[in-house]
Every structure is written in structure tokens, then in C-alpha cells.
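Okay, input-v6.csv now, which holds CSV, C-alpha atoms and all ligand atoms:
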```
chain,number,residue,atom,x,y,z
A,1,MET,CA,51.0,96.1,144.0
A,2,LYS,CA,54.7,96.7,142.9
A,3,ILE,CA,55.7,99.2,140.3
A,4,VAL,CA,59.1,98.6,138.9
A,5,THR,CA,61.0,100.4,136.2
A,6,SER,CA,64.2,98.3,135.8
A,7,ILE,CA,64.5,94.9,134.2
A,8,LYS,CA,66.6,93.8,137.1
A,9,GLU,CA,63.9,94.5,139.7
A,10,LEU,CA,61.3,92.9,137.4
A,11,GLN,CA,63.4,89.7,137.0
A,12,ASP,CA,64.2,89.5,140.8
A,13,GLU,CA,60.5,89.6,141.5
A,14,ILE,CA,59.5,87.1,138.8
A,15,LYS,CA,62.2,84.7,140.0
A,16,LYS,CA,60.7,84.8,143.5
A,17,GLN,CA,57.2,84.1,142.1
A,18,LYS,CA,58.3,81.3,139.8
A,19,LYS,CA,60.1,79.6,142.8
A,20,GLU,CA,56.7,79.7,144.6
A,21,GLY,CA,55.2,77.8,141.7
A,22,ARG,CA,53.0,80.7,140.5
A,23,VAL,CA,51.7,80.9,137.0
A,24,ILE,CA,52.7,84.3,135.5
A,25,GLY,CA,50.1,86.0,133.4
A,26,PHE,CA,51.3,88.9,131.3
A,27,VAL,CA,49.4,91.8,129.7
A,28,PRO,CA,51.6,94.0,127.6
A,29,THR,CA,50.2,97.5,127.0
A,30,MET,CA,51.1,101.0,125.9
A,31,GLY,CA,49.0,102.5,128.7
A,32,ALA,CA,46.0,104.9,128.3
A,33,LEU,CA,44.1,101.9,129.6
A,34,HIS,CA,40.4,101.3,128.9
A,35,GLU,CA,37.9,98.5,129.5
A,36,GLY,CA,39.5,96.4,126.7
A,37,HIS,CA,42.8,96.3,128.6
A,38,LEU,CA,40.9,95.6,131.9
A,39,SER,CA,39.2,92.6,130.2
A,40,LEU,CA,42.6,91.2,129.4
A,41,VAL,CA,43.6,91.6,133.0
A,42,GLN,CA,40.4,89.9,134.1
A,43,GLU,CA,41.1,86.9,131.7
A,44,ALA,CA,44.7,86.8,133.1
A,45,ARG,CA,43.3,86.7,136.6
A,46,LYS,CA,41.2,83.6,135.7
A,47,GLN,CA,44.2,81.8,134.0
A,48,SER,CA,47.2,82.8,136.2
A,49,ASP,CA,48.3,83.5,139.8
A,50,TYR,CA,50.5,86.5,139.4
A,51,ILE,CA,49.8,89.3,136.9
A,52,VAL,CA,52.3,91.5,135.3
A,53,VAL,CA,51.2,94.5,133.2
A,54,SER,CA,53.7,96.4,131.2
A,55,ILE,CA,53.1,100.1,130.3
A,56,PHE,CA,55.5,101.2,127.6
A,57,VAL,CA,54.8,103.3,124.6
A,58,ASN,CA,57.2,101.5,122.2
A,59,PRO,CA,58.8,104.0,119.9
A,60,THR,CA,60.0,101.4,117.4
A,61,GLN,CA,56.5,100.4,116.3
A,62,PHE,CA,55.4,104.0,115.4
A,63,ASN,CA,56.1,104.7,111.7
A,64,ASN,CA,54.7,108.2,112.1
A,65,PRO,CA,56.5,110.5,114.6
A,66,ASP,CA,53.3,112.6,115.1
A,67,ASP,CA,51.4,109.5,116.1
A,68,LEU,CA,54.1,108.7,118.7
A,69,LYS,CA,54.0,112.3,120.0
A,70,THR,CA,50.2,112.4,120.4
A,71,TYR,CA,49.7,108.9,121.7
A,72,PRO,CA,47.7,109.3,124.9
A,73,ARG,CA,49.6,108.8,128.2
A,74,ASP,CA,48.2,108.9,131.7
A,75,LEU,CA,50.3,106.8,134.1
A,76,ASP,CA,48.6,107.9,137.3
A,77,ARG,CA,45.2,106.9,136.0
A,78,ASP,CA,46.5,103.6,134.6
A,79,VAL,CA,48.1,102.7,138.0
A,80,LYS,CA,44.9,103.4,139.8
A,81,MET,CA,42.9,101.2,137.4
A,82,LEU,CA,45.3,98.3,137.8
A,83,LYS,CA,45.4,98.7,141.6
A,84,ASP,CA,41.6,98.3,141.6
A,85,LEU,CA,42.0,95.0,139.8
A,86,SER,CA,44.7,93.9,142.3
A,87,VAL,CA,47.4,93.5,139.6
A,88,GLU,CA,50.6,92.2,141.3
A,89,LEU,CA,53.2,94.1,139.3
A,90,ILE,CA,53.4,97.0,136.8
A,91,PHE,CA,56.5,97.3,134.7
A,92,THR,CA,57.1,100.8,133.3
A,93,PRO,CA,60.5,100.9,131.8
A,94,THR,CA,62.1,103.9,130.1
A,95,VAL,CA,63.1,103.9,126.4
A,96,LYS,CA,66.7,103.7,127.6
A,97,GLU,CA,66.0,100.6,129.7
A,98,MET,CA,64.3,98.8,126.9
A,99,TYR,CA,66.7,100.0,124.1
A,100,PRO,CA,70.1,100.7,125.6
A,101,GLU,CA,71.2,100.5,122.0
A,102,GLU,CA,69.4,100.5,118.7
A,103,ASP,CA,67.5,97.2,118.1
A,104,LYS,CA,68.6,96.2,114.6
A,105,ARG,CA,66.7,92.9,114.5
A,106,GLN,CA,64.6,92.3,111.4
A,107,PHE,CA,61.9,89.7,111.7
A,108,ASP,CA,60.5,87.7,108.9
A,109,PHE,CA,56.7,87.0,109.1
A,110,GLY,CA,56.4,85.7,105.5
A,111,MET,CA,53.2,87.1,104.0
A,112,LEU,CA,51.5,87.9,107.4
A,113,ASP,CA,52.9,91.5,107.5
A,114,LYS,CA,52.7,92.2,103.7
A,115,VAL,CA,49.0,93.0,104.0
A,116,MET,CA,46.7,95.4,105.8
A,117,GLU,CA,48.5,97.2,108.7
A,118,GLY,CA,51.8,95.9,107.4
A,119,LYS,CA,51.2,97.5,104.0
A,120,PHE,CA,50.0,100.9,105.4
A,121,ARG,CA,52.3,101.1,108.5
A,122,PRO,CA,55.7,99.9,107.2
A,123,GLY,CA,58.0,98.7,110.0
A,124,HIS,CA,55.2,98.7,112.5
A,125,PHE,CA,55.1,94.9,113.1
A,126,ASN,CA,58.9,94.7,113.2
A,127,GLY,CA,58.8,97.2,116.1
A,128,VAL,CA,56.0,95.2,117.8
A,129,ALA,CA,58.1,92.0,117.5
A,130,GLN,CA,61.2,93.8,118.9
A,131,VAL,CA,59.4,95.0,122.0
A,132,VAL,CA,57.3,91.9,122.5
A,133,SER,CA,60.2,89.5,122.2
A,134,LYS,CA,62.2,91.6,124.7
A,135,LEU,CA,59.3,91.7,127.1
A,136,PHE,CA,58.7,88.0,126.9
A,137,ASP,CA,62.3,87.4,127.5
A,138,GLN,CA,62.3,89.7,130.6
A,139,VAL,CA,58.9,88.7,132.1
A,140,LYS,CA,59.1,85.0,131.1
A,141,PRO,CA,55.3,84.7,131.3
A,142,ASP,CA,53.5,81.4,131.2
A,143,LYS,CA,50.6,83.1,129.4
A,144,ALA,CA,50.3,86.4,127.6
A,145,PHE,CA,47.0,88.1,126.8
A,146,PHE,CA,46.3,90.2,123.7
A,147,GLY,CA,43.1,91.7,122.3
A,148,GLU,CA,41.5,90.5,119.1
A,149,LYS,CA,40.9,94.1,117.9
A,150,ASP,CA,44.5,94.0,116.8
A,151,PHE,CA,43.8,90.9,114.8
A,152,GLN,CA,46.9,91.0,112.6
A,153,GLN,CA,49.1,91.8,115.6
A,154,LEU,CA,47.8,88.7,117.3
A,155,ALA,CA,48.6,86.5,114.3
A,156,ILE,CA,52.1,87.9,114.1
A,157,ILE,CA,52.8,87.4,117.8
A,158,ARG,CA,51.7,83.8,117.5
A,159,LYS,CA,54.1,83.4,114.7
A,160,LEU,CA,56.9,85.1,116.6
A,161,VAL,CA,56.4,82.8,119.6
A,162,LYS,CA,56.4,79.8,117.3
A,163,ASP,CA,59.5,80.9,115.3
A,164,LEU,CA,61.5,81.8,118.4
A,165,LYS,CA,60.2,78.7,120.3
A,166,MET,CA,59.3,80.9,123.3
A,167,PRO,CA,57.6,78.9,126.1
A,168,VAL,CA,54.6,81.2,126.4
A,169,GLU,CA,51.0,80.5,125.6
A,170,VAL,CA,49.4,83.4,123.7
A,171,VAL,CA,45.7,84.0,124.6
A,172,GLY,CA,43.5,86.0,122.3
A,173,CYS,CA,40.6,87.9,124.0
A,174,SER,CA,37.4,89.2,122.4
A,175,ILE,CA,37.0,92.8,121.4
A,176,VAL,CA,35.3,95.0,124.0
A,177,ARG,CA,33.0,97.6,122.6
A,178,GLU,CA,31.4,100.9,123.8
A,179,PRO,CA,27.6,100.6,124.3
A,180,ASP,CA,27.2,102.2,120.7
A,181,GLY,CA,29.5,99.5,119.2
A,182,LEU,CA,32.7,101.4,118.8
A,183,ALA,CA,35.6,99.1,119.5
A,184,MET,CA,37.5,100.3,122.6
A,185,SER,CA,40.8,101.8,121.8
A,186,SER,CA,43.2,104.2,123.6
A,187,ARG,CA,43.0,106.3,120.4
A,188,ASN,CA,39.2,106.9,121.0
A,189,GLN,CA,40.0,109.6,123.5
A,190,LEU,CA,41.8,111.6,120.7
A,191,LEU,CA,38.5,111.8,118.7
A,192,THR,CA,36.8,115.2,118.4
A,193,PRO,CA,33.2,115.1,119.8
A,194,GLU,CA,31.9,115.1,116.2
A,195,MET,CA,34.1,112.2,115.1
A,196,ARG,CA,33.2,110.3,118.3
A,197,LYS,CA,29.6,110.6,117.2
A,198,ASN,CA,30.4,109.3,113.7
A,199,ALA,CA,32.9,106.5,114.6
A,200,PRO,CA,30.3,103.9,115.7
A,201,LEU,CA,29.3,103.7,112.0
A,202,ILE,CA,32.4,101.5,111.5
A,203,ALA,CA,31.2,98.7,113.8
A,204,LYS,CA,27.5,99.1,112.7
A,205,THR,CA,28.5,98.7,109.1
A,206,LEU,CA,30.7,95.7,109.8
A,207,PHE,CA,27.9,94.0,111.8
A,208,GLU,CA,25.3,94.8,109.1
A,209,SER,CA,27.7,93.3,106.5
A,210,LEU,CA,27.4,89.9,108.2
A,211,ASN,CA,23.8,89.7,107.0
A,212,PHE,CA,24.5,91.5,103.7
A,213,ALA,CA,27.2,88.9,102.9
A,214,SER,CA,24.8,86.0,102.5
A,215,GLY,CA,23.9,85.8,98.9
A,216,LYS,CA,26.5,88.4,97.9
A,217,THR,CA,30.1,88.0,96.7
A,218,VAL,CA,33.1,88.9,98.7
A,219,LYS,CA,33.8,91.8,96.4
A,220,GLU,CA,30.2,93.1,96.7
A,221,THR,CA,30.5,92.9,100.5
A,222,VAL,CA,33.8,94.8,100.5
A,223,ASP,CA,32.3,97.5,98.3
A,224,GLN,CA,29.2,97.8,100.5
A,225,VAL,CA,31.2,98.3,103.6
A,226,VAL,CA,33.6,100.8,102.0
A,227,ASN,CA,30.9,102.8,100.3
A,228,THR,CA,28.7,102.9,103.4
A,229,ILE,CA,31.5,104.2,105.6
A,230,ASN,CA,32.9,106.6,103.1
A,231,GLY,CA,29.4,107.7,102.2
A,232,SER,CA,29.1,109.3,105.7
A,233,GLY,CA,31.4,112.0,104.4
A,234,MET,CA,33.1,112.1,107.8
A,235,LEU,CA,35.0,108.8,107.9
A,236,GLU,CA,37.6,107.5,105.4
A,237,VAL,CA,38.4,103.9,104.9
A,238,GLU,CA,42.1,103.2,104.5
A,239,TYR,CA,41.5,99.5,103.8
A,240,PHE,CA,38.9,96.9,104.3
A,241,GLU,CA,40.0,93.4,103.4
A,242,ILE,CA,38.2,90.1,103.8
A,243,VAL,CA,40.9,87.6,104.6
A,244,ASP,CA,41.6,84.0,105.7
A,245,GLY,CA,41.8,84.3,109.5
A,246,ASN,CA,45.0,82.2,109.7
A,247,THR,CA,47.0,83.4,106.7
A,248,LEU,CA,45.6,86.9,106.5
A,249,GLN,CA,45.6,86.7,102.7
A,250,PRO,CA,42.5,88.1,100.9
A,251,VAL,CA,39.9,85.6,99.9
A,252,ASP,CA,38.0,85.8,96.6
A,253,LYS,CA,35.1,83.5,97.5
A,254,TRP,CA,33.4,82.6,100.7
A,255,ASP,CA,34.3,78.9,100.3
A,256,ASP,CA,38.0,79.7,99.9
A,257,SER,CA,38.5,79.2,103.7
A,258,ASP,CA,36.5,78.0,106.7
A,259,TYR,CA,37.9,80.9,108.8
A,260,ILE,CA,37.1,84.3,107.3
A,261,VAL,CA,37.5,87.7,108.9
A,262,GLY,CA,37.0,91.3,107.6
A,263,CYS,CA,39.6,93.8,108.9
A,264,ILE,CA,39.3,97.5,108.5
A,265,ALA,CA,41.2,100.7,109.2
A,266,VAL,CA,39.4,104.0,109.0
A,267,PHE,CA,40.4,107.6,109.5
A,268,ALA,CA,38.1,109.6,111.7
A,269,GLY,CA,39.7,112.9,111.1
A,270,LYS,CA,43.4,112.5,112.1
A,271,VAL,CA,42.6,109.5,114.3
A,272,ARG,CA,43.1,106.0,112.8
A,273,LEU,CA,40.8,103.3,114.1
A,274,ILE,CA,40.8,99.6,113.4
A,275,ASP,CA,38.2,96.9,113.9
A,276,ASN,CA,37.3,93.5,112.6
A,277,VAL,CA,34.4,91.1,112.3
A,278,THR,CA,34.3,87.3,111.7
A,279,TYR,CA,32.2,86.0,108.8
A,280,LYS,CA,33.0,82.4,109.2
A,281,TYR,CA,34.7,80.3,111.9
A,282,HIS,CA,35.2,76.6,111.3
A,301,LIG,O1,48.9,96.3,121.4
A,301,LIG,C1,49.7,97.1,122.0
A,301,LIG,O2,49.3,97.9,122.8
A,301,LIG,C2,51.1,97.1,121.6
A,301,LIG,O3,51.3,96.9,120.2
A,301,LIG,C3,52.0,96.1,122.4
A,301,LIG,C4,51.6,94.7,122.2
A,301,LIG,C5,51.8,96.4,123.9
A,301,LIG,C6,53.5,96.2,122.0
A,301,LIG,O4,53.9,97.5,122.3
```
Let me see whether you can do it: turn the structure in this file into C-alpha cells.
Ligand code: PAF
Amino acid sequence: MKIVTSIKELQDEIKKQKKEGRVIGFVPTMGALHEGHLSLVQEARKQSDYIVVSIFVNPTQFNNPDDLKTYPRDLDRDVKMLKDLSVELIFTPTVKEMYPEEDKRQFDFGMLDKVMEGKFRPGHFNGVAQVVSKLFDQVKPDKAFFGEKDFQQLAIIRKLVKDLKMPVEVVGCSIVREPDGLAMSSRNQLLTPEMRKNAPLIAKTLFESLNFASGKTVKETVDQVVNTINGSGMLEVEYFEIVDGNTLQPVDKWDDSDYIVGCIAVFAGKVRLIDNVTYKYH
């Protein structure tokens, strides 16, 4: 396994692999890896010959400086986990390497980033697009793997790739959950023991709402989810929206779309967790 920090070393290696006809699979991460990331690597292994994982905590996507400061980092542990999966190359650039000068690009995602995360984390998706477009340019992957937990991010990256006509296939991979249902996230390790005990209520409530929804309106379902989670007295819903899975715009009625997803952001103390559940898929 190679670990490189410079774009030049990365590109020299990728060129060699492409010359040999290898399919490059790419898993971009911000490190603090967990089973969810490993499942992306496993999917990349099935669909490609040479796997590149980037580990880079991208400052431009943090709208809250404290969040950037406290974001978990453990490179040695990450490297060990990726070695166990025989990943071929890890790219861990510095901020200077990725942003030798300020990235002033502004992306236009239409309505996709005007809702949910986009509304509550202004500038977040612009930062994600800056780093992902740079990484795609540097790695030139044939396929790139992203988790469906970040549902809105996945939709935005698909649009980015389409708008910039980048020759990469974006592969969405299912959410991986802890045995108690909590969606895996690097942020879970920031939860206090008490919050960790309460956090599974998010997934439990979302799953229960799948049954609750039949015979109930969209609004009743939204209220039920929000009231149940807030009713715990420990967790606080920032938003819960039931949206069209393609446009991400809220739906009023269940027959407004044949692809309907409920997306949630919840504060467990200071830690912000997101999750989603699919009500209807084609
Ligand atoms: O999902 C993430 O971990 C990050 O947003 C990504 C895609 C690696 C970009 O920094």
C-alpha cells in the first residue's frame, strides 16, 4: 500500500495504473474511518482493480470553525484499517497542497442545495463541490463511491459530475448501521455515553414512521417523527423533511412522487447527526 501526500506522486502512480488498463475506484473520505467507509472500500473492491482512498478534512466545507476543530482525526488507525483491506493507495494531502490559493469557485446546484443541509449549513455544499471536483481531477477515477447517509451530498455530487461532464461513475452505497440502528458516522465517537444511549432513537423513529405513514398524511408523519424524537428530552431535531428523492424538494402528498425519502438532522448535545429513510422507491 502506498501513502502519498503530493498531487504529483498521486498522478504519477495513477498514470502507471491506467496504462496497465486498471479500473480506478475512488473513496473520498475525511478520515476517522468506520464500518461505513469500509463498506465503500469493499464495494470499490468489487467494481474496480485499483483503489484510491483520500483522507482530507476539507476546511472549505465547514461552516462552523468549532466543528472543524473538533472533527475527529486518527490517521494511524485509518491507515491500519485500509491496509487490512489491501487498499492500493492512500492520498493524504495537506491543506496547502489542495488549496495553494483560495478557491473562489461558486457552484450552482439550482434548488438542490437550497433545502435541508444547504439551508442549515450555508456554503457547506459549495465546499464539498470544491474539494470533490479537485479530487476527481487529480485521481481521475473511473468510479467513485459515496454513502447514502449523506443523501443530499450524493445528489449534489451527481449533479456536479453531470454539469462538469466529468467521466466518472458515481456509485451510491447503502447506509451501514450499528447493531442498535444508529447510522455509522465519524461524529458518533464525539457523543457522550449518555447521548450515545439516546441516539438510536433517531433510526428507530424513522423506521417506525415507515409503518405509521400508511394511512397518514405527509404532515402527520413529519410531526410524529419530530415529536417522538424531541419528546425524548435529550435529542433535538434541526429539520425533518419528506422530499422527492431526485429533486430533494418537499412533497405534500405521498403520490406527489414515486421516489420519496425522509431526511433528518438531529442534535445529540453538541453533536449533529444525520440519517434518512426511504418511504417509496419507484
Ligand atoms: O462525505 C465526506 O466525508 C466528505 O464530504 C467528502 C465527500 C470526503 C468531501 O470532503
List the spatial neighbours of A:Leu248 as a PyMOL selection string - criterion: any atom at most 9 Å away, only C-alpha atoms, same-chain residues fewer than 5 positions off excluded.
chain A and resi 111-113+115-116+152+155+242-243+260-261
Distance in Å - atom CA of A:Asp49 versus atom CA of A:Val23:
5.1 Å
Starting from the point (36.6, 96.4, 104.7), work out which residues of protein, DNA or RNA have an atom no more than 8 Å away when counting only C-alpha atoms; state them as a list in words.
Leu206, Val222, Asp223, Val225, Val226, Val237, Tyr239, Phe240, Glu241, Ile242, Gly262, Cys263, Ile264 and Ala265 of chain A
A:Ile156: which residues within 8 Å, counting only C-alpha atoms, same-chain residues fewer than 2 positions away excluded, as a PyMOL selection string?
chain A and resi 109+112-113+125+152-154+158-160
For the interface of chain A with ligand LIG 301 (chain A) (cut-off 6 Å, counting all atoms listed in the file), please tabulate each contacting residue of chain A alongside its nearest pair of atoms and their separation in Å to one decimal, rows sorted by chain and increasing number, as CSV.
```
residue,atom,partner,partner_atom,distance
A:Pro28,CA,A:LIG301,C5,4.4
A:Thr29,CA,A:LIG301,C5,3.7
A:Met30,CA,A:LIG301,O2,4.7
A:Asn58,CA,A:LIG301,O4,5.2
A:Val128,CA,A:LIG301,C6,5.0
A:Val132,CA,A:LIG301,C6,5.8
```
Would you mind reading off the distance between atom CA of A:Val131 and atom CA of A:Gly21, one decimal, in Å?
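It comes out at 26.5 Å.
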Spatial neighbours of A:Leu201, max dist 9 Å, all atoms listed in the file, sep filter under 4 positions, as a PyMOL selection string
chain A and resi 181-182+197+205-206+228-229+232+235
Give me, as JSON lines, each residue of stretch 6-72 of chain A that comes within 12 Å of stretch 100-104 of chain A, together with its shortest interatomic pair and the distance in Å at one decimal, counting only C-alpha atoms, with rows ordered by chain and rising residue number.
```
{"residue": "A:Ile7", "atom": "CA", "partner": "A:Pro100", "partner_atom": "CA", "distance": 11.8}
{"residue": "A:Asn58", "atom": "CA", "partner": "A:Asp103", "partner_atom": "CA", "distance": 11.9}
{"residue": "A:Pro59", "atom": "CA", "partner": "A:Asp103", "partner_atom": "CA", "distance": 11.2}
{"residue": "A:Thr60", "atom": "CA", "partner": "A:Asp103", "partner_atom": "CA", "distance": 8.6}
{"residue": "A:Gln61", "atom": "CA", "partner": "A:Asp103", "partner_atom": "CA", "distance": 11.6}
```
I'd like the contact shell of A:Asp252 - 10 Å cut-off, only C-alpha atoms, skipping same-chain residues fewer than 5 positions apart - returned as JSON, numbers by chain.
{"A": [217, 218, 219, 242, 243, 244, 257]}
How about saving the chosen residues, C-alpha atoms kept, as an mmCIF file, in the frame of the given file?
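The result, written out as again_27.cif:
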```cif
data_model
loop_
_atom_site.group_PDB
_atom_site.id
_atom_site.type_symbol
_atom_site.label_atom_id
_atom_site.label_comp_id
_atom_site.auth_asym_id
_atom_site.auth_seq_id
_atom_site.Cartn_x
_atom_site.Cartn_y
_atom_site.Cartn_z
ATOM 1 C CA THR A 217 30.100 88.000 96.700
ATOM 2 C CA VAL A 218 33.100 88.900 98.700
ATOM 3 C CA LYS A 219 33.800 91.800 96.400
ATOM 4 C CA ILE A 242 38.200 90.100 103.800
ATOM 5 C CA VAL A 243 40.900 87.600 104.600
ATOM 6 C CA ASP A 244 41.600 84.000 105.700
ATOM 7 C CA SER A 257 38.500 79.200 103.700
#
```
Which residue out of A:Met81, A:Leu191, A:Val139, A:Val271 has the minimum interatomic distance to A:Met166 when only C-alpha atoms are used?
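Comparing A:Met81, A:Leu191, A:Val139, A:Val271 against A:Met166, the winner is A:Val139.
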Would you mind telling me which residue in A:Ser209, A:Asn63, A:Gln189, A:Ser54 lies nearest to A:Ala144 when using all atoms listed in the file?
A:Ser54
Using only C-alpha atoms, which residues sit within 10 Å of A:Arg187 once same-chain residues fewer than 6 positions away are excluded, as a ChimeraX atom specification?
/A:32,67,70-72,271-274
Could you check which residues have any atom within 6 Å of (46.5, 90.4, 131.9), counting only C-alpha atoms with coordinates taken straight from the file, and then list them as a ChimeraX atom specification?
/A:25-27,40-41,44,145
Expected file contents, prior selection, C-alpha atoms, as a compact mmCIF listing (two decimals), in the frame of the given file:
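Saved as selection_3.txt:
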```txt
# COMPACT_ATOMS: atom_id res chain seq x y z
CA GLY A 25 50.10 86.00 133.40
CA PHE A 26 51.30 88.90 131.30
CA VAL A 27 49.40 91.80 129.70
CA LEU A 40 42.60 91.20 129.40
CA VAL A 41 43.60 91.60 133.00
CA ALA A 44 44.70 86.80 133.10
CA PHE A 145 47.00 88.10 126.80
```
As an exercise, work out the distance from atom CA of A:Leu10 to atom CA of A:Lys46 in Å and give it to one decimal place.
22.2 Å
Select, from A:Asp255, A:Asp12, A:Glu238, A:Asp275, the residue with the minimum atom-to-atom distance to A:Lys119, counting all atoms listed in the file.
A:Glu238
